[in-house]
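Data first, discussion second: the structure below is written as structure tokens.
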Amino acid sequence: MALEAAFAKMNGLGNAIIVADMRGRADRVTPEAARALNADPATRFDQIMAIHDPRVAGTHNYIEIINSDGSQAQACGNGTRCVVQALAAETGQKVFTFQTVAGILNAEEHEDGLISVDMGKPRLGWQDIPLAEEFRDTRMIELQAGPIDAPVLHSPSVASMGNPHAIFWVEGDVNAYDLERFGPLLENHPIFPERANISIAHVTTDNALMLRTWERGAGLTLACGSAACAAAVSAARTGRTGRHVTVTVPGGPLDILWREDDHVIMTGPAEWEFSGRFDPATGAWERETEGAA
Ligand SMILES: N[C@@H](CCC[C@H](N)C(=O)O)C(=O)O
């Protein structure tokens, strides 16, 4: 079959993204195609951001988000910035409104090239994370990893940005924790009926924190924008920081503002690497243009 759809291999602070142009098409990127693209080192990714024609009035596009394991995700902050950069480069437009499973997202590319995404309001009720049992205070729930009498990680905050997040607070280097071991155990813990993204956070000042994330459906990544938003909200909720913080992930810094109207604004970069064409049914692809990376 002809390689029919265009794609751009991009990243948001190292979060590996494929932006797939599915506009004008009735089909979708299949889970099989996603897994095939991820199996090729040249197109290995954390998320696919599939740009579809708009489905509701007042939006430019519907964005479908697929993790590298083929699972659907509701939100992807870094990937949304990549979509904005790609569409702004194509159209010259700078302001966009997208529909995602998490809701309607407004986004803007600034003169300096940084991109702000209104990630919407955090969901903080236990049923909205979701959790499998009631916890009245989601700022700290009963969950731990490691020896029962000396847990390595415990008492996380939980929050949803349309997708579920658990934030474990530590003192000291976030890289000192074996997230490759604890991440999948916690991601698949029965307390999370939809699984969860698992982050380790170290608050360094009242407006800065370090973050490292094991992503649901993708594993360890260099950056997770929705986790940065969930961590910023949770840090403010627990009195660890104010409502405007710099969240530094392994790939670099993100600016997160939890506005007084409850919307969370994430600002950061995006980077194009190369473009190609692919078959959304099988994941077969070919490169079209060399890029910076
Ligand atoms: N890397 C993304 C998060 C993508 C979805 C996440 N893995 C999930 O399944 O919820 C981001 O930048 O937010």
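Following the order of the structure tokens, first chain is A, next is B, and so on, with residues numbered from 1 inside each chain and ligands from 1 in the order they appear.
Residues within 10 Å of Val170 of chain A, counting only C-alpha atoms and excluding same-chain residues fewer than 4 positions away, are A:Val152, A:Leu153, A:His154, A:Pro156, A:Val174, A:Ala176, A:Tyr177, A:Ile200, A:Ala201, A:His202, A:Val203, A:Met210.
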Just to be explicit: take each residue in the selection above, keep N, CA and C atoms, and write the result as a CSV table (one decimal), in the first residue's frame.
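And here's result-v9.csv as it stands now:
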chain,number,residue,atom,x,y,z
A,152,VAL,N,10.4,2.9,50.1
A,152,VAL,CA,11.3,3.8,49.3
A,152,VAL,C,10.5,5.0,48.8
A,153,LEU,N,9.3,4.8,48.4
A,153,LEU,CA,8.4,5.9,48.0
A,153,LEU,C,7.1,5.7,48.7
A,154,HIS,N,6.4,6.7,49.1
A,154,HIS,CA,5.2,6.6,49.8
A,154,HIS,C,4.4,7.9,49.8
A,156,PRO,N,1.9,9.5,48.0
A,156,PRO,CA,1.9,10.4,46.9
A,156,PRO,C,0.7,11.3,46.9
A,174,VAL,N,16.3,13.3,42.4
A,174,VAL,CA,15.2,12.4,41.8
A,174,VAL,C,15.8,11.2,41.0
A,176,ALA,N,18.1,9.4,42.1
A,176,ALA,CA,18.6,8.4,43.0
A,176,ALA,C,17.6,7.2,43.3
A,177,TYR,N,16.5,7.3,42.6
A,177,TYR,CA,15.4,6.3,42.8
A,177,TYR,C,15.3,5.4,41.6
A,200,ILE,N,8.5,11.2,40.4
A,200,ILE,CA,9.2,11.5,41.6
A,200,ILE,C,9.6,13.0,41.5
A,201,ALA,N,9.2,13.8,42.6
A,201,ALA,CA,9.4,15.2,42.6
A,201,ALA,C,10.2,15.6,43.8
A,202,HIS,N,11.2,16.6,43.6
A,202,HIS,CA,12.0,17.2,44.6
A,202,HIS,C,11.8,18.7,44.5
A,203,VAL,N,11.1,19.3,45.5
A,203,VAL,CA,10.9,20.7,45.6
A,203,VAL,C,12.2,21.4,46.0
A,210,MET,N,12.2,19.7,40.8
A,210,MET,CA,12.8,18.7,39.8
A,210,MET,C,11.8,17.6,39.7
Run DSSP on the backbone of this structure and report the residues of segment 74-193 of chain A it assigns to strand (DSSP E), as a PyMOL selection string.
chain A and resi 95-100+103-109+115-118+144-145+153-154+157-160+164-169
Which of A:Arg81, A:His244, A:Arg139, A:Arg181 sits closest to ligand 1 [using only C-alpha atoms and all ligand atoms]:
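Nearest candidate to ligand 1 out of A:Arg81, A:His244, A:Arg139, A:Arg181: A:Arg81.
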Return as a ChimeraX atom specification every polymer residue, whether protein, DNA or RNA, with at least one atom no more than 7 Å from an atom of ligand 1; count only C-alpha atoms and all ligand atoms.
/A:15,46-47,67,72-79,163-164,196-197,215-218,223-227
Need to verify the contact set: Ser234 of chain A, 8 Å, only C-alpha atoms, exclusion of same-chain residues closer than 2 positions in sequence. Can you return it as a PDB file with N, CA and C atoms, in the first residue's frame?
ATOM      1  N   ARG A 139      -4.382  14.932  48.215  1.00  0.00           N
ATOM      2  CA  ARG A 139      -3.051  15.546  48.359  1.00  0.00           C
ATOM      3  C   ARG A 139      -2.038  14.518  48.871  1.00  0.00           C
ATOM      4  N   SER A 157       0.860  12.451  46.184  1.00  0.00           N
ATOM      5  CA  SER A 157      -0.297  13.244  45.770  1.00  0.00           C
ATOM      6  C   SER A 157      -0.781  12.661  44.441  1.00  0.00           C
ATOM      7  N   VAL A 158      -2.070  12.734  44.188  1.00  0.00           N
ATOM      8  CA  VAL A 158      -2.607  12.288  42.894  1.00  0.00           C
ATOM      9  C   VAL A 158      -3.439  13.413  42.294  1.00  0.00           C
ATOM     10  N   ALA A 159      -3.393  13.500  40.970  1.00  0.00           N
ATOM     11  CA  ALA A 159      -4.133  14.530  40.242  1.00  0.00           C
ATOM     12  C   ALA A 159      -4.307  14.062  38.808  1.00  0.00           C
ATOM     13  N   ILE A 167       2.278  11.649  42.197  1.00  0.00           N
ATOM     14  CA  ILE A 167       3.507  12.406  42.422  1.00  0.00           C
ATOM     15  C   ILE A 167       4.072  12.009  43.777  1.00  0.00           C
ATOM     16  N   ALA A 230       0.577  18.330  36.726  1.00  0.00           N
ATOM     17  CA  ALA A 230       0.026  17.655  37.915  1.00  0.00           C
ATOM     18  C   ALA A 230       0.921  17.874  39.131  1.00  0.00           C
ATOM     19  N   ALA A 231       2.242  17.862  38.912  1.00  0.00           N
ATOM     20  CA  ALA A 231       3.178  18.074  40.020  1.00  0.00           C
ATOM     21  C   ALA A 231       3.108  19.511  40.529  1.00  0.00           C
ATOM     22  N   ALA A 232       2.978  20.470  39.613  1.00  0.00           N
ATOM     23  CA  ALA A 232       2.902  21.880  40.021  1.00  0.00           C
ATOM     24  C   ALA A 232       1.647  22.131  40.845  1.00  0.00           C
ATOM     25  N   ALA A 236       1.549  23.040  44.934  1.00  0.00           N
ATOM     26  CA  ALA A 236       0.836  24.201  45.487  1.00  0.00           C
ATOM     27  C   ALA A 236      -0.221  23.769  46.497  1.00  0.00           C
ATOM     28  N   ARG A 237      -0.958  22.689  46.148  1.00  0.00           N
ATOM     29  CA  ARG A 237      -2.026  22.182  47.031  1.00  0.00           C
ATOM     30  C   ARG A 237      -1.482  21.757  48.399  1.00  0.00           C
ATOM     31  N   THR A 238      -0.233  21.255  48.404  1.00  0.00           N
ATOM     32  CA  THR A 238       0.342  20.755  49.660  1.00  0.00           C
ATOM     33  C   THR A 238       1.211  21.807  50.341  1.00  0.00           C
TER      34      THR A 238
END
Got a sec: who's within 8 Å of Ala8 of chain A, counting only C-alpha atoms, leaving out chain neighbours fewer than 2 positions off, as number ranges by chain?
A: 6, 10, 18-20, 86, 272-276
Quick one: pick out all helix (DSSP H, G or I) residues within segment 27-96 of chain A from a backbone DSSP run and write them as a PyMOL selection string.
chain A and resi 31-39+77-91
Restricted to N, CA and C atoms, what would the selected residues look like written as a compact mmCIF listing (two decimals), in the first residue's frame?
# COMPACT_ATOMS: atom_id res chain seq x y z
N PRO A 31 -3.26 0.84 16.54
CA PRO A 31 -2.29 0.44 17.57
C PRO A 31 -1.15 -0.39 16.98
N GLU A 32 -1.49 -1.18 15.97
CA GLU A 32 -0.44 -1.99 15.33
C GLU A 32 0.60 -1.09 14.64
N ALA A 33 0.09 -0.04 13.95
CA ALA A 33 1.01 0.89 13.29
C ALA A 33 1.87 1.60 14.33
N ALA A 34 1.27 1.97 15.44
CA ALA A 34 2.02 2.65 16.51
C ALA A 34 3.13 1.75 17.03
N ARG A 35 2.78 0.49 17.29
CA ARG A 35 3.81 -0.42 17.82
C ARG A 35 4.91 -0.68 16.80
N ALA A 36 4.54 -0.72 15.52
CA ALA A 36 5.55 -0.94 14.47
C ALA A 36 6.49 0.26 14.37
N LEU A 37 5.93 1.47 14.42
CA LEU A 37 6.77 2.68 14.36
C LEU A 37 7.69 2.73 15.57
N ASN A 38 7.18 2.32 16.73
CA ASN A 38 8.00 2.37 17.94
C ASN A 38 9.10 1.31 17.92
N ALA A 39 8.86 0.25 17.18
CA ALA A 39 9.87 -0.83 17.13
C ALA A 39 11.07 -0.45 16.27
N GLY A 77 0.99 17.10 27.06
CA GLY A 77 1.41 18.50 27.01
C GLY A 77 2.54 18.75 26.03
N ASN A 78 3.58 17.93 26.12
CA ASN A 78 4.72 18.13 25.21
C ASN A 78 4.30 17.90 23.76
N GLY A 79 3.47 16.89 23.56
CA GLY A 79 3.03 16.61 22.19
C GLY A 79 2.16 17.72 21.62
N THR A 80 1.37 18.35 22.49
CA THR A 80 0.52 19.44 22.01
C THR A 80 1.38 20.62 21.55
N ARG A 81 2.48 20.89 22.26
CA ARG A 81 3.37 21.95 21.82
C ARG A 81 3.97 21.61 20.45
N CYS A 82 4.28 20.34 20.22
CA CYS A 82 4.82 19.94 18.91
C CYS A 82 3.77 20.15 17.81
N VAL A 83 2.51 19.83 18.10
CA VAL A 83 1.44 20.05 17.12
C VAL A 83 1.33 21.53 16.78
N VAL A 84 1.38 22.38 17.79
CA VAL A 84 1.28 23.83 17.57
C VAL A 84 2.43 24.30 16.67
N GLN A 85 3.65 23.86 16.98
CA GLN A 85 4.80 24.30 16.18
C GLN A 85 4.65 23.84 14.73
N ALA A 86 4.22 22.60 14.53
CA ALA A 86 4.08 22.07 13.17
C ALA A 86 3.01 22.83 12.38
N LEU A 87 1.87 23.08 13.01
CA LEU A 87 0.78 23.77 12.30
C LEU A 87 1.10 25.25 12.09
N ALA A 88 1.80 25.86 13.06
CA ALA A 88 2.18 27.27 12.89
C ALA A 88 3.17 27.42 11.73
N ALA A 89 4.10 26.46 11.62
CA ALA A 89 5.07 26.49 10.51
C ALA A 89 4.37 26.31 9.17
N GLU A 90 3.32 25.50 9.16
CA GLU A 90 2.60 25.22 7.91
C GLU A 90 1.69 26.37 7.50
N THR A 91 1.05 26.99 8.49
CA THR A 91 -0.03 27.94 8.18
C THR A 91 0.29 29.39 8.49
Of the candidates A:Gly183, A:Pro193, A:Pro253, A:Pro54, which shows the shortest atom-to-atom distance to Gly219 of chain A, using only C-alpha atoms?
A:Gly183
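Taking atom CA of Val249 of chain A and atom CA of Ala228 of chain A as the two end points, the separation is 8.0 Å.
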Using only C-alpha atoms, pick whichever of A:Leu185, A:Ile115, A:Val264, A:Met22 has the shortest atom-to-atom distance to Glu4 of chain A.
A:Met22
